[in-house]
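Note: the block below is target-v3.tsv and it holds TSV, C-alpha atoms.
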```tsv
chain	number	residue	atom	x	y	z
A	12	MET	CA	-1.79	-33.46	21.21
A	13	SER	CA	1.49	-31.89	20.02
A	14	THR	CA	-0.33	-30.13	17.18
A	15	ASN	CA	-2.80	-28.59	19.65
A	16	PHE	CA	0.09	-27.49	21.87
A	17	ASN	CA	1.85	-25.83	18.92
A	18	THR	CA	-1.35	-24.03	18.00
A	19	ALA	CA	-1.68	-22.75	21.56
A	20	GLU	CA	1.94	-21.54	21.50
A	21	ILE	CA	1.29	-19.61	18.28
A	22	LEU	CA	-1.78	-17.96	19.80
A	23	LEU	CA	0.09	-17.04	22.96
A	24	ASP	CA	2.92	-15.55	20.91
A	25	ALA	CA	0.40	-13.39	19.06
A	26	LEU	CA	-1.45	-12.21	22.19
A	27	PRO	CA	0.82	-9.24	23.11
A	28	PHE	CA	0.66	-7.95	19.53
A	29	ILE	CA	-3.13	-8.32	19.39
A	30	LYS	CA	-3.40	-6.24	22.58
A	31	LYS	CA	-0.92	-3.65	21.34
A	32	PHE	CA	-2.42	-3.09	17.91
A	33	GLN	CA	-6.10	-2.82	18.90
A	34	GLY	CA	-7.37	0.48	17.55
A	35	TYR	CA	-4.30	1.05	15.36
A	36	LYS	CA	-4.84	2.72	12.01
A	37	ILE	CA	-2.70	0.77	9.53
A	38	VAL	CA	-2.31	1.85	5.90
A	39	ILE	CA	-1.52	-1.07	3.59
A	40	LYS	CA	-0.14	-0.62	0.07
A	41	TYR	CA	-1.47	-3.59	-1.87
A	42	GLY	CA	0.15	-4.53	-5.18
A	43	GLY	CA	2.45	-6.91	-7.01
A	44	SER	CA	1.90	-10.67	-6.94
A	45	ALA	CA	-0.42	-10.41	-3.93
A	46	GLN	CA	-2.83	-8.52	-6.18
A	47	ILE	CA	-2.45	-10.62	-9.34
A	48	ASN	CA	-2.31	-14.18	-7.99
A	49	PRO	CA	-5.87	-15.35	-7.09
A	50	LEU	CA	-4.66	-17.51	-4.16
A	51	LEU	CA	-2.54	-14.70	-2.70
A	52	ARG	CA	-5.43	-12.28	-3.14
A	53	GLU	CA	-7.67	-14.64	-1.18
A	54	LYS	CA	-5.08	-14.91	1.62
A	55	PHE	CA	-4.68	-11.13	1.67
A	56	ILE	CA	-8.42	-10.65	2.10
A	57	GLN	CA	-8.43	-13.20	4.92
A	58	ASP	CA	-5.61	-11.28	6.62
A	59	ILE	CA	-7.53	-8.00	6.37
A	60	VAL	CA	-10.67	-9.64	7.78
A	61	MET	CA	-8.66	-11.04	10.69
A	62	MET	CA	-7.08	-7.64	11.39
A	63	TYR	CA	-10.49	-5.98	11.27
A	64	MET	CA	-12.03	-8.54	13.64
A	65	LEU	CA	-9.16	-7.99	16.09
A	66	GLY	CA	-9.92	-4.30	16.35
A	67	ILE	CA	-7.38	-2.94	13.87
A	68	ARG	CA	-8.56	-0.25	11.46
A	69	PRO	CA	-6.99	-1.01	8.06
A	70	VAL	CA	-6.90	1.40	5.13
A	71	ILE	CA	-5.94	-0.15	1.78
A	72	VAL	CA	-4.27	1.67	-1.10
A	73	HIS	CA	-3.88	-0.44	-4.24
A	74	GLY	CA	-1.96	-0.16	-7.46
A	75	GLY	CA	-2.49	-2.05	-10.70
A	76	GLY	CA	0.33	-1.29	-13.11
A	77	LYS	CA	0.53	-4.74	-14.65
A	78	ARG	CA	-3.20	-4.89	-15.31
A	79	ILE	CA	-3.11	-1.39	-16.83
A	80	SER	CA	-0.30	-2.40	-19.18
A	81	GLU	CA	-2.20	-5.54	-20.17
A	82	VAL	CA	-5.35	-3.60	-21.09
A	83	LEU	CA	-3.41	-0.86	-22.88
A	84	ASP	CA	-1.63	-3.48	-24.97
A	85	ARG	CA	-4.89	-5.21	-25.80
A	86	MET	CA	-6.43	-1.91	-26.88
A	87	GLN	CA	-3.24	-1.01	-28.81
A	88	ILE	CA	-2.75	2.23	-26.88
A	89	PRO	CA	0.94	3.17	-26.71
A	90	SER	CA	2.45	3.34	-23.24
A	91	HIS	CA	6.02	3.59	-22.02
A	92	PHE	CA	8.03	4.52	-18.96
A	93	VAL	CA	10.66	7.20	-18.31
A	94	ASP	CA	12.67	7.10	-15.07
A	95	GLY	CA	10.29	4.46	-13.75
A	96	HIS	CA	7.18	6.62	-14.31
A	97	ARG	CA	4.45	5.82	-16.84
A	98	ILE	CA	3.85	8.45	-19.51
A	99	THR	CA	0.06	8.77	-19.21
A	100	SER	CA	-1.64	10.22	-22.29
A	101	GLN	CA	-5.26	11.38	-22.35
A	102	GLU	CA	-6.24	8.11	-24.02
A	103	ALA	CA	-4.23	6.02	-21.56
A	104	MET	CA	-5.68	7.92	-18.58
A	105	LYS	CA	-9.16	6.66	-19.47
A	106	VAL	CA	-7.85	3.10	-19.26
A	107	VAL	CA	-5.94	3.81	-16.04
A	108	GLU	CA	-9.10	5.09	-14.36
A	109	MET	CA	-11.22	2.25	-15.74
A	110	VAL	CA	-8.82	-0.41	-14.46
A	111	LEU	CA	-7.92	1.14	-11.10
A	112	SER	CA	-11.19	2.74	-10.01
A	113	GLY	CA	-13.69	0.69	-11.99
A	114	GLU	CA	-12.22	-2.82	-11.91
A	115	ILE	CA	-9.60	-3.51	-9.23
A	116	ASN	CA	-11.04	-1.15	-6.63
A	117	LYS	CA	-14.64	-2.34	-6.80
A	118	GLU	CA	-13.70	-6.00	-7.07
A	119	LEU	CA	-11.61	-5.78	-3.91
A	120	ALA	CA	-14.39	-4.01	-1.99
A	121	TYR	CA	-16.86	-6.64	-3.21
A	122	PHE	CA	-14.73	-9.57	-2.02
A	123	MET	CA	-14.18	-7.89	1.35
A	124	GLY	CA	-17.95	-7.68	1.72
A	125	LEU	CA	-18.37	-11.34	0.84
A	126	ASN	CA	-15.99	-12.15	3.70
A	127	GLY	CA	-18.05	-10.33	6.30
A	128	VAL	CA	-16.52	-6.86	6.60
A	129	ARG	CA	-17.83	-3.51	5.48
A	130	ALA	CA	-15.61	-1.96	2.84
A	131	VAL	CA	-16.07	0.81	0.31
A	132	GLY	CA	-14.05	1.48	-2.81
A	133	ILE	CA	-13.11	5.10	-3.48
A	134	SER	CA	-10.57	7.07	-5.47
A	135	GLY	CA	-8.67	10.23	-4.71
A	136	LYS	CA	-11.29	12.07	-6.75
A	137	ASP	CA	-14.11	11.21	-4.33
A	138	SER	CA	-14.90	14.23	-2.16
A	139	HIS	CA	-11.80	15.70	-3.81
A	140	PHE	CA	-9.81	14.20	-0.96
A	141	ILE	CA	-6.54	13.96	-2.90
A	142	VAL	CA	-5.67	17.01	-4.97
A	143	ALA	CA	-3.01	16.51	-7.65
A	144	LYS	CA	-1.05	18.32	-10.33
A	145	PRO	CA	1.06	17.17	-13.31
A	146	LYS	CA	4.31	15.59	-12.20
A	147	ASP	CA	7.43	17.59	-13.08
A	148	GLY	CA	5.42	20.21	-14.92
A	149	GLY	CA	3.74	17.73	-17.25
A	150	LYS	CA	6.84	15.77	-18.28
A	151	PHE	CA	4.90	12.52	-17.75
A	152	GLY	CA	1.58	13.60	-19.25
A	153	LEU	CA	-1.29	12.89	-16.86
A	154	THR	CA	0.92	11.12	-14.35
A	155	GLY	CA	0.60	13.37	-11.35
A	156	GLU	CA	1.91	14.21	-7.91
A	157	ILE	CA	0.00	15.01	-4.76
A	158	VAL	CA	-0.62	18.60	-3.73
A	159	GLN	CA	-2.99	18.09	-0.80
A	160	CYS	CA	-4.78	15.31	1.06
A	161	HIS	CA	-8.06	16.10	2.84
A	162	PRO	CA	-8.74	13.17	5.22
A	163	GLU	CA	-12.19	14.07	6.55
A	164	MET	CA	-14.06	11.52	4.45
A	165	LEU	CA	-11.55	8.78	5.31
A	166	GLU	CA	-11.77	9.55	9.01
A	167	ALA	CA	-15.56	9.35	8.83
A	168	LEU	CA	-15.40	5.94	7.14
A	169	ILE	CA	-12.85	4.63	9.64
A	170	GLN	CA	-14.83	5.86	12.63
A	171	SER	CA	-17.96	4.17	11.30
A	172	GLY	CA	-16.18	0.82	11.02
A	173	VAL	CA	-15.78	0.80	7.23
A	174	ILE	CA	-12.54	-0.22	5.49
A	175	PRO	CA	-11.60	2.36	2.83
A	176	ILE	CA	-10.10	0.84	-0.32
A	177	ILE	CA	-8.39	3.60	-2.27
A	178	SER	CA	-7.61	3.79	-5.97
A	179	PRO	CA	-4.68	6.18	-6.64
A	180	VAL	CA	-6.54	8.14	-9.30
A	181	SER	CA	-6.80	11.79	-8.28
A	182	GLY	CA	-7.87	15.12	-9.73
A	183	ASP	CA	-7.22	18.83	-9.73
A	184	ASP	CA	-9.45	21.89	-9.34
A	185	GLU	CA	-10.05	22.05	-13.10
A	186	GLY	CA	-11.55	18.60	-13.54
A	187	ASN	CA	-8.43	16.80	-14.81
A	188	SER	CA	-7.68	13.24	-13.67
A	189	TYR	CA	-4.20	12.05	-12.78
A	190	ASN	CA	-2.47	8.71	-12.41
A	191	ILE	CA	-0.65	8.82	-9.05
A	192	ASN	CA	1.98	6.40	-7.76
A	193	ALA	CA	0.23	4.20	-5.19
A	194	ASP	CA	3.23	4.32	-2.81
A	195	ASP	CA	2.92	8.11	-2.74
A	196	VAL	CA	-0.81	7.87	-2.07
A	197	ALA	CA	-0.24	5.40	0.78
A	198	CYS	CA	2.24	7.77	2.42
A	199	ALA	CA	0.05	10.84	1.90
A	200	VAL	CA	-2.95	9.04	3.39
A	201	ALA	CA	-0.89	7.74	6.33
A	202	LYS	CA	0.32	11.23	7.16
A	203	ALA	CA	-3.12	12.78	6.76
A	204	ILE	CA	-4.91	10.33	9.10
A	205	CYS	CA	-1.96	10.06	11.54
A	206	ALA	CA	-1.62	6.31	10.91
A	207	ASP	CA	0.26	4.14	13.38
A	208	LYS	CA	1.82	1.94	10.70
A	209	VAL	CA	2.31	1.70	6.97
A	210	ILE	CA	2.89	-1.69	5.34
A	211	PHE	CA	4.08	-2.10	1.75
A	212	LEU	CA	3.43	-5.47	0.09
A	213	THR	CA	6.18	-6.06	-2.49
A	214	ASP	CA	7.59	-8.83	-4.66
A	215	THR	CA	10.77	-9.07	-2.58
A	216	ALA	CA	11.48	-10.49	0.88
A	217	GLY	CA	12.03	-6.93	2.08
A	218	VAL	CA	15.14	-4.75	1.92
A	219	LEU	CA	18.18	-6.90	1.16
A	220	ASP	CA	21.83	-6.18	1.94
A	221	ALA	CA	24.78	-6.53	-0.46
A	222	ARG	CA	24.83	-10.30	0.13
A	223	GLY	CA	21.14	-10.64	-0.61
A	224	GLU	CA	20.23	-11.19	3.05
A	225	LEU	CA	17.22	-9.56	4.66
A	226	LEU	CA	17.75	-6.38	6.64
A	227	GLU	CA	15.19	-6.89	9.37
A	228	SER	CA	15.43	-3.41	10.87
A	229	ILE	CA	16.66	-0.17	9.30
A	230	LYS	CA	16.96	3.20	11.00
A	231	THR	CA	16.07	6.31	9.02
A	232	GLU	CA	19.60	7.66	9.45
A	233	GLN	CA	21.00	4.62	7.62
A	234	THR	CA	18.89	4.89	4.48
A	235	GLU	CA	20.90	7.43	2.47
A	236	ASP	CA	24.16	5.56	3.19
A	237	LEU	CA	22.54	2.31	2.00
A	238	ILE	CA	21.42	4.09	-1.18
A	239	ALA	CA	24.91	5.56	-1.74
A	240	GLN	CA	26.44	2.09	-1.30
A	241	GLY	CA	24.05	0.62	-3.86
A	242	VAL	CA	22.48	-1.71	-1.28
A	243	ILE	CA	19.15	0.02	-1.87
A	244	SER	CA	18.69	0.61	-5.58
A	245	GLY	CA	16.19	0.87	-8.42
A	246	GLY	CA	12.53	1.03	-7.52
A	247	MET	CA	13.28	0.46	-3.85
A	248	ILE	CA	14.86	3.95	-3.56
A	249	PRO	CA	11.63	5.99	-3.88
A	250	LYS	CA	9.82	3.48	-1.68
A	251	ILE	CA	12.43	3.84	1.09
A	252	ARG	CA	12.39	7.62	0.82
A	253	SER	CA	8.61	7.55	1.08
A	254	CYS	CA	9.00	5.41	4.22
A	255	VAL	CA	11.37	7.95	5.75
A	256	GLU	CA	8.98	10.78	4.92
A	257	CYS	CA	6.14	8.90	6.66
A	258	LEU	CA	8.22	8.36	9.78
A	259	GLU	CA	9.33	11.97	9.91
A	260	SER	CA	5.68	13.00	9.70
A	261	GLY	CA	4.63	11.00	12.75
A	262	VAL	CA	3.96	7.45	11.55
A	263	LYS	CA	5.35	5.08	14.20
A	264	LYS	CA	6.76	2.34	11.99
A	265	VAL	CA	6.91	1.30	8.34
A	266	HIS	CA	7.17	-2.28	7.07
A	267	ILE	CA	8.21	-3.64	3.68
A	268	ILE	CA	7.15	-7.27	3.40
A	269	ASP	CA	6.92	-10.06	0.85
A	270	GLY	CA	3.45	-10.13	-0.66
A	271	ARG	CA	4.27	-13.44	-2.37
A	272	LEU	CA	4.19	-15.15	1.03
A	273	GLU	CA	0.78	-16.40	2.14
A	274	HIS	CA	-0.55	-14.50	5.17
A	275	SER	CA	2.49	-12.23	5.21
A	276	LEU	CA	0.48	-9.46	6.90
A	277	LEU	CA	-0.45	-11.65	9.86
A	278	LEU	CA	3.06	-13.07	10.14
A	279	GLU	CA	4.61	-9.60	10.21
A	280	LEU	CA	2.15	-8.15	12.70
A	281	PHE	CA	1.46	-11.01	15.08
A	282	THR	CA	4.65	-13.05	15.35
A	283	SER	CA	7.85	-12.27	17.25
A	284	ASP	CA	10.11	-12.86	14.25
A	285	GLY	CA	8.10	-11.09	11.56
A	286	VAL	CA	8.76	-11.69	7.86
A	287	GLY	CA	10.07	-8.47	6.32
A	288	SER	CA	11.99	-5.27	6.93
A	289	GLU	CA	10.92	-2.58	9.35
A	290	ILE	CA	12.03	1.02	9.01
A	291	ILE	CA	12.08	2.98	12.25
A	292	LYS	CA	12.87	6.55	13.15
A	293	CYS	CA	16.20	6.80	14.94
```

Please re-express this file's structure in structure tokens.
Amino acid sequence: MSTNFNTAEILLDALPFIKKFQGYKIVIKYGGSAQINPLLREKFIQDIVMMYMLGIRPVIVHGGGKRISEVLDRMQIPSHFVDGHRITSQEAMKVVEMVLSGEINKELAYFMGLNGVRAVGISGKDSHFIVAKPKDGGKFGLTGEIVQCHPEMLEALIQSGVIPIISPVSGDDEGNSYNINADDVACAVAKAICADKVIFLTDTAGVLDARGELLESIKTEQTEDLIAQGVISGGMIPKIRSCVECLESGVKKVHIIDGRLEHSLLLELFTSDGVGSEIIKC
């Protein structure tokens, strides 16, 4: 009896959030352990199916850096990083596109379909919806940055009840392909479709303070001070700045959550306590 009561309490706690988020467009950056670990991938798919069935309209942007590095190593194609960005040669770009658009993207769409939702895998090159150029004038080879995002195709998919799953491979007007940071794509997509939320799945509990404790809520005006103090450092800096850019462009709230935690998406969205850090516009 007590177990049934606890289950009812959980459902009642979730009810206000279920009502609130119906119809929300939520962009989810999917990467890290949640993408690599088969069990976590299964739980992630279950979370997306649950969100979809509750009337939320998810849009998924995925990365795949670890898998790319693994394939490049196996094929003995040199690859290295400068300032946290992969130097993407012509030869490496073929592998990047094969892994991101041909393997990870289609596999994820396939598993979504097996779990009862309509999903389609696309890249930024489809319908030329993300236009790119070489990052920093070509300093990083075919690693690119976003010039424009045309959301018409995405909006059509969303309105027809299809979950878009986006590979961050994009192109330019001359037929060149570019390897784009998936965080940047998630933010560009969120701004273009006027998303209500953006959620980043990471391999940390969220944003941690100097003592290693979770910062549950951060205002945009605090972020640069936290960076200056060294509280936010390394790869979290561009992610946080992307979050701020999203919020300043009209996104209501951004979340950074632990993708290593089973069902972290549901726990963040549908429980009072949540499980990660939220960044809000002050």

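Among the candidate residues A:Asp183, A:Glu273, A:Asp84, A:Asp236, the one lying nearest to Glu53 (chain A) is A:Glu273, with distances computed using only C-alpha atoms.
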
Quiz prompt | Distance criterion (only C-alpha atoms): nearest to Leu165 (chain A) out of A:Lys146, A:Lys40, A:Arg52, A:His139 | solution =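 Answer, going by the shortest atom-to-atom distance: A:His139.
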
Select from region 120-201 of chain A every residue with an atom at most 8 Å from any atom of region 208-218 of chain A, then for each give the shortest pair of atoms and their distance in Å to one decimal, using all atoms listed in the file, rows by chain and rising number, as a tab-separated table.
```
residue	atom	partner	partner_atom	distance
A:Asp194	CA	A:Phe211	CA	7.9
A:Ala197	CA	A:Val209	CA	7.6
A:Cys198	CA	A:Val209	CA	7.6
A:Ala201	CA	A:Val209	CA	6.9
```

Quiz item: Which is closest to Val180 (chain A) among A:Glu108, A:Glu114, A:Glu232, A:Glu20, if we use only C-alpha atoms?
Solution: A:Glu108

Quiz item: Between CA of Asn187 (chain A) and CA of Val131 (chain A), what is the distance, to one decimal in Å?
Solution: 23.3 Å

Exercise. Fewer than 4 positions away in the same chain doesn't count, so skip those; otherwise give me all residues within 12 Å of Asp284 (chain A), counting all atoms listed in the file, as a PyMOL selection string.
Key: chain A and resi 21+24-25+28+227-228+275+277-280+288-289

Quiz item: CA of Tyr121 (chain A) and CA of Ala103 (chain A), how far apart in Å?
Solution: 25.6 Å

Could I get region 262-290 of chain A rebuilt with N, CA and C atoms, written as a PDB file, keeping the file's coordinate frame?
```
ATOM      1  N   VAL A 262       4.288   8.872  11.586  1.00  0.00           N
ATOM      2  CA  VAL A 262       3.960   7.450  11.550  1.00  0.00           C
ATOM      3  C   VAL A 262       4.967   6.699  12.423  1.00  0.00           C
ATOM      4  N   LYS A 263       4.481   5.740  13.226  1.00  0.00           N
ATOM      5  CA  LYS A 263       5.350   5.080  14.200  1.00  0.00           C
ATOM      6  C   LYS A 263       6.343   4.113  13.563  1.00  0.00           C
ATOM      7  N   LYS A 264       5.883   3.364  12.583  1.00  0.00           N
ATOM      8  CA  LYS A 264       6.760   2.340  11.990  1.00  0.00           C
ATOM      9  C   LYS A 264       6.266   2.014  10.585  1.00  0.00           C
ATOM     10  N   VAL A 265       7.223   1.692   9.703  1.00  0.00           N
ATOM     11  CA  VAL A 265       6.910   1.300   8.340  1.00  0.00           C
ATOM     12  C   VAL A 265       7.486  -0.079   8.063  1.00  0.00           C
ATOM     13  N   HIS A 266       6.735  -0.909   7.379  1.00  0.00           N
ATOM     14  CA  HIS A 266       7.170  -2.280   7.070  1.00  0.00           C
ATOM     15  C   HIS A 266       7.171  -2.485   5.564  1.00  0.00           C
ATOM     16  N   ILE A 267       8.173  -3.180   5.072  1.00  0.00           N
ATOM     17  CA  ILE A 267       8.210  -3.640   3.680  1.00  0.00           C
ATOM     18  C   ILE A 267       8.276  -5.151   3.740  1.00  0.00           C
ATOM     19  N   ILE A 268       7.235  -5.818   3.235  1.00  0.00           N
ATOM     20  CA  ILE A 268       7.150  -7.270   3.400  1.00  0.00           C
ATOM     21  C   ILE A 268       6.877  -7.946   2.060  1.00  0.00           C
ATOM     22  N   ASP A 269       7.046  -9.252   2.064  1.00  0.00           N
ATOM     23  CA  ASP A 269       6.920 -10.060   0.850  1.00  0.00           C
ATOM     24  C   ASP A 269       5.470 -10.457   0.623  1.00  0.00           C
ATOM     25  N   GLY A 270       4.830  -9.813  -0.350  1.00  0.00           N
ATOM     26  CA  GLY A 270       3.450 -10.130  -0.660  1.00  0.00           C
ATOM     27  C   GLY A 270       3.262 -11.469  -1.336  1.00  0.00           C
ATOM     28  N   ARG A 271       4.366 -12.115  -1.742  1.00  0.00           N
ATOM     29  CA  ARG A 271       4.270 -13.440  -2.370  1.00  0.00           C
ATOM     30  C   ARG A 271       4.107 -14.543  -1.331  1.00  0.00           C
ATOM     31  N   LEU A 272       4.287 -14.189  -0.064  1.00  0.00           N
ATOM     32  CA  LEU A 272       4.190 -15.150   1.030  1.00  0.00           C
ATOM     33  C   LEU A 272       2.764 -15.155   1.578  1.00  0.00           C
ATOM     34  N   GLU A 273       2.153 -16.313   1.633  1.00  0.00           N
ATOM     35  CA  GLU A 273       0.780 -16.400   2.140  1.00  0.00           C
ATOM     36  C   GLU A 273       0.708 -15.897   3.573  1.00  0.00           C
ATOM     37  N   HIS A 274      -0.292 -15.069   3.844  1.00  0.00           N
ATOM     38  CA  HIS A 274      -0.550 -14.500   5.170  1.00  0.00           C
ATOM     39  C   HIS A 274       0.623 -13.676   5.703  1.00  0.00           C
ATOM     40  N   SER A 275       1.334 -13.019   4.789  1.00  0.00           N
ATOM     41  CA  SER A 275       2.490 -12.230   5.210  1.00  0.00           C
ATOM     42  C   SER A 275       2.103 -11.103   6.165  1.00  0.00           C
ATOM     43  N   LEU A 276       0.924 -10.525   5.998  1.00  0.00           N
ATOM     44  CA  LEU A 276       0.480  -9.460   6.900  1.00  0.00           C
ATOM     45  C   LEU A 276       0.367  -9.969   8.335  1.00  0.00           C
ATOM     46  N   LEU A 277      -0.289 -11.101   8.517  1.00  0.00           N
ATOM     47  CA  LEU A 277      -0.450 -11.650   9.860  1.00  0.00           C
ATOM     48  C   LEU A 277       0.888 -12.063  10.468  1.00  0.00           C
ATOM     49  N   LEU A 278       1.752 -12.640   9.644  1.00  0.00           N
ATOM     50  CA  LEU A 278       3.060 -13.070  10.140  1.00  0.00           C
ATOM     51  C   LEU A 278       3.920 -11.879  10.571  1.00  0.00           C
ATOM     52  N   GLU A 279       3.824 -10.780   9.847  1.00  0.00           N
ATOM     53  CA  GLU A 279       4.610  -9.600  10.210  1.00  0.00           C
ATOM     54  C   GLU A 279       4.067  -8.925  11.469  1.00  0.00           C
ATOM     55  N   LEU A 280       2.753  -8.880  11.586  1.00  0.00           N
ATOM     56  CA  LEU A 280       2.150  -8.150  12.700  1.00  0.00           C
ATOM     57  C   LEU A 280       2.091  -8.956  13.994  1.00  0.00           C
ATOM     58  N   PHE A 281       1.825 -10.251  13.888  1.00  0.00           N
ATOM     59  CA  PHE A 281       1.460 -11.010  15.080  1.00  0.00           C
ATOM     60  C   PHE A 281       2.435 -12.115  15.475  1.00  0.00           C
ATOM     61  N   THR A 282       3.635 -12.102  14.914  1.00  0.00           N
ATOM     62  CA  THR A 282       4.650 -13.050  15.350  1.00  0.00           C
ATOM     63  C   THR A 282       5.900 -12.309  15.799  1.00  0.00           C
ATOM     64  N   SER A 283       6.654 -12.910  16.688  1.00  0.00           N
ATOM     65  CA  SER A 283       7.850 -12.270  17.250  1.00  0.00           C
ATOM     66  C   SER A 283       8.915 -12.038  16.186  1.00  0.00           C
ATOM     67  N   ASP A 284       9.051 -12.960  15.249  1.00  0.00           N
ATOM     68  CA  ASP A 284      10.110 -12.860  14.250  1.00  0.00           C
ATOM     69  C   ASP A 284       9.762 -11.933  13.097  1.00  0.00           C
ATOM     70  N   GLY A 285       8.476 -11.869  12.725  1.00  0.00           N
ATOM     71  CA  GLY A 285       8.100 -11.090  11.560  1.00  0.00           C
ATOM     72  C   GLY A 285       8.620 -11.735  10.284  1.00  0.00           C
ATOM     73  N   VAL A 286       8.356 -11.086   9.128  1.00  0.00           N
ATOM     74  CA  VAL A 286       8.760 -11.690   7.860  1.00  0.00           C
ATOM     75  C   VAL A 286       9.428 -10.699   6.905  1.00  0.00           C
ATOM     76  N   GLY A 287       9.525  -9.439   7.256  1.00  0.00           N
ATOM     77  CA  GLY A 287      10.070  -8.470   6.320  1.00  0.00           C
ATOM     78  C   GLY A 287      11.026  -7.491   6.984  1.00  0.00           C
ATOM     79  N   SER A 288      11.130  -6.328   6.397  1.00  0.00           N
ATOM     80  CA  SER A 288      11.990  -5.270   6.930  1.00  0.00           C
ATOM     81  C   SER A 288      11.132  -4.198   7.577  1.00  0.00           C
ATOM     82  N   GLU A 289      11.580  -3.710   8.724  1.00  0.00           N
ATOM     83  CA  GLU A 289      10.920  -2.580   9.350  1.00  0.00           C
ATOM     84  C   GLU A 289      11.845  -1.377   9.267  1.00  0.00           C
ATOM     85  N   ILE A 290      11.261  -0.222   9.025  1.00  0.00           N
ATOM     86  CA  ILE A 290      12.030   1.020   9.010  1.00  0.00           C
ATOM     87  C   ILE A 290      11.516   1.842  10.186  1.00  0.00           C
TER      88      ILE A 290
END
```
